[in-house]
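**Student:** This one is input04.csv, CSV, C-alpha atoms.
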chain,number,residue,atom,x,y,z
A,106,MET,CA,-107.4,13.2,89.8
A,107,LYS,CA,-105.1,16.2,90.1
A,108,ALA,CA,-102.5,14.0,91.9
A,109,ALA,CA,-102.5,11.6,89.0
A,110,VAL,CA,-101.9,14.4,86.5
A,111,ARG,CA,-99.0,15.7,88.5
A,112,THR,CA,-97.4,12.3,88.6
A,113,THR,CA,-97.6,11.8,84.9
A,114,GLN,CA,-96.0,15.2,84.2
A,115,ARG,CA,-93.1,14.4,86.6
A,116,ASN,CA,-92.5,11.1,84.8
A,117,ARG,CA,-92.4,12.9,81.5
A,118,ARG,CA,-89.8,15.4,82.7
A,119,ARG,CA,-87.7,12.6,84.2
A,120,ARG,CA,-87.7,10.7,80.9
A,121,LEU,CA,-86.8,13.9,79.0
A,122,LEU,CA,-83.8,14.5,81.4
A,123,VAL,CA,-82.6,11.0,80.9
A,124,ALA,CA,-82.9,11.3,77.1
A,125,THR,CA,-81.0,14.6,77.2
A,126,ALA,CA,-78.2,13.0,79.3
A,127,ILE,CA,-77.9,10.1,76.9
A,128,ILE,CA,-77.6,12.4,73.9
A,129,ALA,CA,-75.0,14.5,75.6
A,130,SER,CA,-73.0,11.4,76.6
A,131,LEU,CA,-73.1,10.1,73.0
A,132,ALA,CA,-71.9,13.5,71.6
A,133,SER,CA,-69.0,13.6,74.0
A,134,THR,CA,-67.9,10.0,73.0
A,135,ALA,CA,-68.0,10.9,69.3
A,136,CYS,CA,-65.8,14.0,69.8
A,137,GLU,CA,-63.2,11.9,71.6
A,138,ALA,CA,-63.1,9.3,68.9
A,139,GLY,CA,-62.5,11.9,66.1
A,140,ALA,CA,-59.8,13.8,68.0
A,141,GLY,CA,-56.9,11.8,66.4
A,142,ASP,CA,-57.9,12.9,62.9
A,143,GLY,CA,-57.2,16.5,63.5
A,144,PRO,CA,-54.1,18.5,62.4
A,145,ASP,CA,-52.6,18.2,65.9
A,146,ASP,CA,-52.3,14.4,65.7
A,147,SER,CA,-48.8,13.3,66.7
A,148,THR,CA,-48.9,10.3,64.3
A,149,THR,CA,-47.3,11.0,60.9
A,150,THR,CA,-47.3,9.0,57.7
A,151,ALA,CA,-44.1,8.6,55.7
A,152,ARG,CA,-44.4,10.2,52.2
A,153,PRO,CA,-42.2,9.6,49.1
A,154,ASP,CA,-39.5,12.1,48.6
A,155,THR,CA,-40.4,14.1,45.5
A,156,THR,CA,-37.5,16.5,45.8
A,157,ARG,CA,-34.7,14.0,45.0
A,158,SER,CA,-32.5,15.3,42.2
A,159,ALA,CA,-32.3,13.4,38.9
A,160,SER,CA,-28.6,12.8,39.4
A,161,SER,CA,-29.3,10.5,42.4
A,162,ARG,CA,-31.5,8.2,40.2
A,163,GLY,CA,-30.1,5.3,38.3
A,164,THR,CA,-30.0,6.2,34.6
A,165,SER,CA,-28.6,4.4,31.5
A,166,SER,CA,-27.1,5.9,28.4
A,167,ALA,CA,-26.0,4.5,25.1
A,168,LYS,CA,-22.2,4.7,24.6
A,169,PRO,CA,-20.7,5.1,21.1
A,170,THR,CA,-18.8,2.2,19.8
A,171,GLY,CA,-15.3,3.2,18.7
A,172,THR,CA,-14.7,2.7,15.0
A,173,GLY,CA,-11.4,2.7,13.2
A,174,SER,CA,-10.9,4.7,10.3
A,175,PRO,CA,-9.5,3.0,7.3
A,176,THR,CA,-5.8,3.8,6.6
A,177,PRO,CA,-5.3,4.5,2.9
A,178,ILE,CA,-2.3,3.0,1.0
A,179,GLY,CA,-0.7,5.6,-1.2
A,180,SER,CA,-3.2,7.9,-2.8
A,181,SER,CA,-6.7,7.8,-1.3
A,182,SER,CA,-8.2,7.6,-4.8
A,183,ASP,CA,-6.5,4.3,-5.8
A,184,THR,CA,-7.5,0.6,-5.6
A,185,ALA,CA,-5.1,-2.1,-5.1
A,186,ALA,CA,-5.8,-5.8,-5.6
A,187,ASN,CA,-4.8,-8.5,-3.2
A,188,GLY,CA,-4.1,-6.1,-0.3
A,189,GLY,CA,-4.5,-2.5,-1.2
A,190,GLY,CA,-6.9,0.5,-0.9
A,191,GLY,CA,-9.6,1.5,-3.5
A,192,ASP,CA,-11.5,3.3,-6.2
A,193,GLY,CA,-13.3,0.3,-7.6
A,194,ALA,CA,-12.7,-2.3,-10.4
A,195,GLU,CA,-12.4,-1.8,-14.1
A,196,ALA,CA,-15.3,-3.0,-16.4
A,197,ASP,CA,-13.6,-6.4,-16.7
A,198,GLY,CA,-13.3,-6.7,-12.9
A,199,THR,CA,-9.6,-5.9,-12.6
A,200,VAL,CA,-8.2,-3.5,-10.1
A,201,VAL,CA,-4.9,-1.7,-9.5
A,202,CYS,CA,-2.1,-4.1,-8.6
A,203,ALA,CA,-0.9,-3.7,-5.0
A,204,ALA,CA,2.8,-3.9,-4.4
A,205,ALA,CA,2.1,-6.6,-1.8
A,206,ALA,CA,0.7,-8.8,-4.6
A,207,LEU,CA,3.7,-8.4,-6.9
A,208,SER,CA,7.2,-9.7,-7.0
A,209,PHE,CA,9.9,-7.4,-8.3
A,210,ALA,CA,13.2,-8.1,-10.1
A,211,SER,CA,15.9,-6.2,-12.0
A,212,THR,CA,18.1,-7.8,-14.6
A,213,SER,CA,21.2,-6.4,-16.2
A,214,GLN,CA,21.2,-6.3,-20.0
A,215,ASP,CA,24.9,-5.5,-20.4
A,216,GLU,CA,27.7,-8.0,-21.1
A,217,PRO,CA,29.4,-9.5,-18.1
A,218,GLY,CA,32.3,-7.3,-16.9
A,219,ASP,CA,30.8,-4.2,-18.5
A,220,GLN,CA,29.4,-1.3,-16.5
A,221,VAL,CA,25.8,-2.0,-15.7
A,222,ARG,CA,23.8,0.7,-17.4
A,223,HIS,CA,20.8,-1.1,-19.0
A,224,LEU,CA,18.3,-2.8,-16.7
A,225,LEU,CA,15.0,-4.6,-17.2
A,226,LEU,CA,12.5,-4.1,-14.3
A,227,THR,CA,10.0,-6.9,-14.0
A,228,VAL,CA,6.9,-7.2,-11.9
A,229,THR,CA,5.0,-10.5,-11.6
A,230,ASN,CA,1.5,-10.9,-10.4
A,231,ALA,CA,2.0,-13.2,-7.4
A,232,GLY,CA,-1.5,-12.8,-6.1
A,233,ASN,CA,-4.7,-14.7,-7.0
A,234,LYS,CA,-6.6,-11.9,-8.7
A,235,THR,CA,-6.2,-10.2,-12.1
A,236,CYS,CA,-4.9,-6.7,-11.7
A,237,THR,CA,-3.5,-3.8,-13.7
A,238,VAL,CA,-0.2,-1.8,-13.4
A,239,TYR,CA,-0.6,1.7,-14.6
A,240,GLY,CA,1.8,4.3,-16.2
A,241,TYR,CA,5.5,3.8,-15.5
A,242,PRO,CA,7.6,3.0,-12.4
A,243,ARG,CA,8.7,6.0,-10.5
A,244,VAL,CA,12.3,5.1,-10.0
A,245,GLN,CA,14.7,6.5,-7.4
A,246,LEU,CA,18.3,5.3,-7.7
A,247,GLY,CA,20.0,5.5,-4.4
A,248,ALA,CA,18.8,7.1,-1.1
A,249,ASP,CA,20.3,10.5,-2.1
A,250,ALA,CA,18.5,10.9,-5.4
A,251,GLN,CA,17.2,14.4,-5.9
A,252,ALA,CA,14.4,13.3,-8.3
A,253,PRO,CA,12.9,10.3,-10.0
A,254,VAL,CA,14.4,9.0,-13.2
A,255,ALA,CA,13.0,10.8,-16.2
A,256,LEU,CA,10.4,9.1,-18.4
A,257,ILE,CA,10.8,8.2,-22.1
A,258,LYS,CA,7.4,9.5,-23.2
A,259,GLU,CA,7.6,7.9,-26.6
A,260,SER,CA,7.4,4.5,-24.9
A,261,ASP,CA,3.7,4.9,-24.0
A,262,PRO,CA,1.9,1.7,-25.0
A,263,LYS,CA,-1.4,3.5,-25.0
A,264,ALA,CA,-3.0,0.8,-22.7
A,265,PRO,CA,-2.0,-0.3,-19.2
A,266,ALA,CA,-0.7,-3.8,-18.6
A,267,THR,CA,-3.3,-6.1,-17.1
A,268,LEU,CA,-1.9,-9.1,-15.4
A,269,ALA,CA,-3.5,-12.4,-14.7
A,270,PRO,CA,-2.0,-14.4,-11.8
A,271,GLY,CA,1.6,-15.3,-12.9
A,272,ASP,CA,1.8,-12.7,-15.7
A,273,GLU,CA,4.6,-10.2,-16.0
A,274,ALA,CA,5.0,-6.5,-16.9
A,275,ASN,CA,8.3,-4.9,-17.8
A,276,ALA,CA,9.9,-1.5,-17.9
A,277,ALA,CA,13.4,-0.7,-19.3
A,278,LEU,CA,15.7,1.4,-17.1
A,279,LEU,CA,18.8,3.3,-18.2
A,280,VAL,CA,20.8,4.1,-15.1
A,281,SER,CA,23.4,6.4,-16.7
A,282,GLY,CA,23.4,8.2,-20.0
A,283,GLY,CA,26.9,9.7,-20.1
A,284,GLN,CA,25.8,12.9,-18.4
A,285,ARG,CA,27.4,14.8,-15.5
A,286,ASP,CA,26.7,14.7,-11.8
A,287,THR,CA,27.7,11.1,-11.5
A,288,TYR,CA,27.1,9.3,-8.1
A,289,GLU,CA,26.9,5.8,-6.8
A,290,ALA,CA,23.6,4.1,-5.9
A,291,HIS,CA,23.2,1.0,-3.7
A,292,THR,CA,19.4,0.8,-4.0
A,293,ILE,CA,16.6,0.8,-6.6
A,294,GLY,CA,13.4,2.3,-5.2
A,295,VAL,CA,10.1,2.0,-7.2
A,296,VAL,CA,6.7,3.5,-6.6
A,297,LEU,CA,3.7,2.1,-8.5
A,298,GLN,CA,1.3,4.6,-10.1
A,299,GLY,CA,-2.5,4.5,-9.6
A,300,ARG,CA,-5.2,4.6,-12.2
A,301,LYS,CA,-5.7,8.4,-11.9
A,302,PRO,CA,-2.9,10.7,-13.1
A,303,GLY,CA,-0.6,11.8,-10.2
A,304,SER,CA,-1.9,9.1,-7.9
A,305,THR,CA,0.1,6.2,-6.4
A,306,ALA,CA,-0.7,2.6,-5.5
A,307,GLY,CA,1.4,2.2,-2.4
A,308,GLY,CA,4.7,3.3,-0.9
A,309,PRO,CA,8.2,2.8,-2.3
A,310,VAL,CA,9.4,-0.8,-2.9
A,311,ASP,CA,13.1,-1.8,-2.8
A,312,VAL,CA,13.8,-3.7,-5.9
A,313,PRO,CA,16.6,-6.3,-5.7
A,314,MET,CA,19.9,-5.1,-7.3
A,315,PRO,CA,20.9,-6.8,-10.6
A,316,GLY,CA,23.7,-8.9,-9.3
A,317,VAL,CA,25.9,-5.9,-8.3
A,318,ASP,CA,26.3,-3.9,-5.1
A,319,THR,CA,26.7,-0.5,-6.7
A,320,LEU,CA,25.3,1.3,-9.7
A,321,THR,CA,27.0,4.3,-11.3
A,322,VAL,CA,24.2,6.8,-11.9
A,323,ASP,CA,24.0,10.2,-13.6
A,324,ASP,CA,21.2,12.6,-14.5
A,325,GLY,CA,20.9,11.0,-18.0
A,326,GLY,CA,18.9,8.1,-16.6
A,327,ARG,CA,15.6,7.2,-18.3
A,328,VAL,CA,12.7,4.7,-17.8
A,329,THR,CA,9.9,3.4,-20.0
A,330,TYR,CA,6.3,2.7,-19.3
A,331,TRP,CA,5.2,-0.7,-18.1
A,332,MET,CA,4.4,-3.0,-21.0
A,333,THR,CA,4.1,-6.7,-21.4
A,334,PRO,CA,6.7,-7.4,-24.1
A,335,SER,CA,10.2,-7.2,-22.6
A,336,GLY,CA,11.9,-6.8,-26.0
A,337,LEU,CA,9.7,-3.8,-26.9
A,338,ALA,CA,10.6,-2.0,-23.6
A,339,LEU,CA,14.4,-2.7,-24.2
A,340,ASP,CA,14.3,-1.2,-27.7
A,341,PHE,CA,13.9,2.2,-26.1
A,342,ILE,CA,17.2,2.1,-24.2
A,343,MET,CA,19.6,-0.3,-25.7
A,344,SER,CA,20.9,2.2,-28.3
A,345,LEU,CA,21.5,4.8,-25.6
Translate this structure into structure tokens?
**Tutor:**
Amino acid sequence: MKAAVRTTQRNRRRRLLVATAIIASLASTACEAGAGDGPDDSTTTARPDTTRSASSRGTSSAKPTGTGSPTPIGSSSDTAANGGGGDGAEADGTVVCAAAALSFASTSQDEPGDQVRHLLLTVTNAGNKTCTVYGYPRVQLGADAQAPVALIKESDPKAPATLAPGDEANAALLVSGGQRDTYEAHTIGVVLQGRKPGSTAGGPVDVPMPGVDTLTVDDGGRVTYWMTPSGLALDFIMSL
């Protein structure tokens, strides 16, 4: 009986030792399997570069579109029809006549063979829009003129000349009044006035000479306002 008990006890110890060996073996295997996950692992994973500067990244930016500034003709406050610059239309829709929309002429009012002293300046609306000529022509006789021809203030018609296509406006011009400081002029320059006092409606225009190459000019020259009736304009100079 005692022998049987001792045999049973030995079998229990043997089984316990086997179980302990198995557990130790399993623990060792688990440690080896997890060794690659530690901080000393030689395998690395590529990570995105978060330190790259903004300048190395593609960017797009809006670029301004160049715009031209409008170039004014004459005074910046004026409007010119059929090719000019602008301050708007009159109540009836008319605007300041542009030199480009007008044709210019000068006609002698003196007898053939006499000295040319009395001229009629005429502008014709050659455009396709109704427009208005304001004030009087600023006349320069010859390239060396020191000042524009003086105005005959009494000739003011009190209203500007509005021209439909094909209509004319006239101004009478006295080129010499028997004064001193006589000189010869080979050109007639005219600058149109704008609606506002002191403004202009374009640069100087060379008006064709009145059938002669030279005008004898002095400081007694005079010019009238623009007006529609040619006879009324001439009345202011023919007796001079």
**Student:** Neighbours of A:Thr267 within 8 Å (all atoms listed in the file; same-chain residues fewer than 5 positions away dropped), as number ranges by chain?
**Tutor:** A: 199, 235-238
**Student:** Figure out the distance between atom CA of A:Gln214 and atom CA of A:Asp261, please, to one decimal in Å.
**Tutor:**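 Atom CA of A:Gln214 lies 21.2 Å from atom CA of A:Asp261.
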**Student:** Mind giving me the straight-line distance from atom CA of A:Ser211 to atom CA of A:Gly303 in Å, one decimal?
**Tutor:**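 Between atom CA of A:Ser211 and atom CA of A:Gly303 the gap is 24.5 Å.
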**Student:** Just to confirm, what's the straight-line distance from atom CA of A:Lys258 to atom CA of A:Val328 in Å (one decimal)?
**Tutor:**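 Taking atom CA of A:Lys258 as the start and atom CA of A:Val328 as the end point, the length is 9.0 Å.
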**Student:** Quick one: residues within 12 Å of A:Leu337, only C-alpha atoms, excluding same-chain residues fewer than 5 positions away - as a VMD selection string?
**Tutor:** chain A and resid 225 259 to 262 274 to 277 329 to 332 342 to 343
**Student:** I'd like the contact shell of A:Ala250 - 12 Å cut-off, all atoms listed in the file, skipping same-chain residues fewer than 6 positions apart - returned as an MDAnalysis selection string.
**Tutor:** chainID A and resid 244 286:294 322:324 326
**Student:** Keeping only C-alpha atoms, write the selected residues to a file as a PDB file, in the coordinates of the input.
**Tutor:**
ATOM      1  CA  VAL A 244      12.300   5.100 -10.000  1.00  0.00           C
ATOM      2  CA  ASP A 286      26.700  14.700 -11.800  1.00  0.00           C
ATOM      3  CA  THR A 287      27.700  11.100 -11.500  1.00  0.00           C
ATOM      4  CA  TYR A 288      27.100   9.300  -8.100  1.00  0.00           C
ATOM      5  CA  GLU A 289      26.900   5.800  -6.800  1.00  0.00           C
ATOM      6  CA  ALA A 290      23.600   4.100  -5.900  1.00  0.00           C
ATOM      7  CA  HIS A 291      23.200   1.000  -3.700  1.00  0.00           C
ATOM      8  CA  THR A 292      19.400   0.800  -4.000  1.00  0.00           C
ATOM      9  CA  ILE A 293      16.600   0.800  -6.600  1.00  0.00           C
ATOM     10  CA  GLY A 294      13.400   2.300  -5.200  1.00  0.00           C
ATOM     11  CA  VAL A 322      24.200   6.800 -11.900  1.00  0.00           C
ATOM     12  CA  ASP A 323      24.000  10.200 -13.600  1.00  0.00           C
ATOM     13  CA  ASP A 324      21.200  12.600 -14.500  1.00  0.00           C
ATOM     14  CA  GLY A 326      18.900   8.100 -16.600  1.00  0.00           C
TER      15      GLY A 326
END
**Student:** Here is a test: counting only C-alpha atoms, which residue of A:Leu339, A:Leu256, A:Val317, A:Pro334 is nearest to A:Arg243?
**Tutor:**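 The shortest atom-to-atom distance to A:Arg243 comes from A:Leu256.
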**Student:** Which one is closest to A:Gly283: A:Asn233, A:Thr321, A:Gln298, A:Ser208? Count only C-alpha atoms.
**Tutor:**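 Among the listed residues, A:Thr321 lies closest to A:Gly283.
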**Student:** Rank nothing, just name the residue among A:Pro313, A:Gly232, A:Gly336, A:Pro253 nearest to A:Gly271, using all atoms listed in the file.
**Tutor:**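 The answer is A:Gly232, which sits nearest to A:Gly271.
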**Student:** Write out as a PyMOL selection string which residues come within 7 Å of A:Gly299 when counting only C-alpha atoms, dropping same-chain ones fewer than 6 positions away.
**Tutor:** chain A and resi 183+201+239+305-306
**Student:** Go ahead and dump the residues you just picked, C-alpha atoms, as a tab-separated table (two decimals), in the frame of the given file.
**Tutor:**
chain	number	residue	atom	x	y	z
A	183	ASP	CA	-6.50	4.30	-5.80
A	201	VAL	CA	-4.90	-1.70	-9.50
A	239	TYR	CA	-0.60	1.70	-14.60
A	305	THR	CA	0.10	6.20	-6.40
A	306	ALA	CA	-0.70	2.60	-5.50
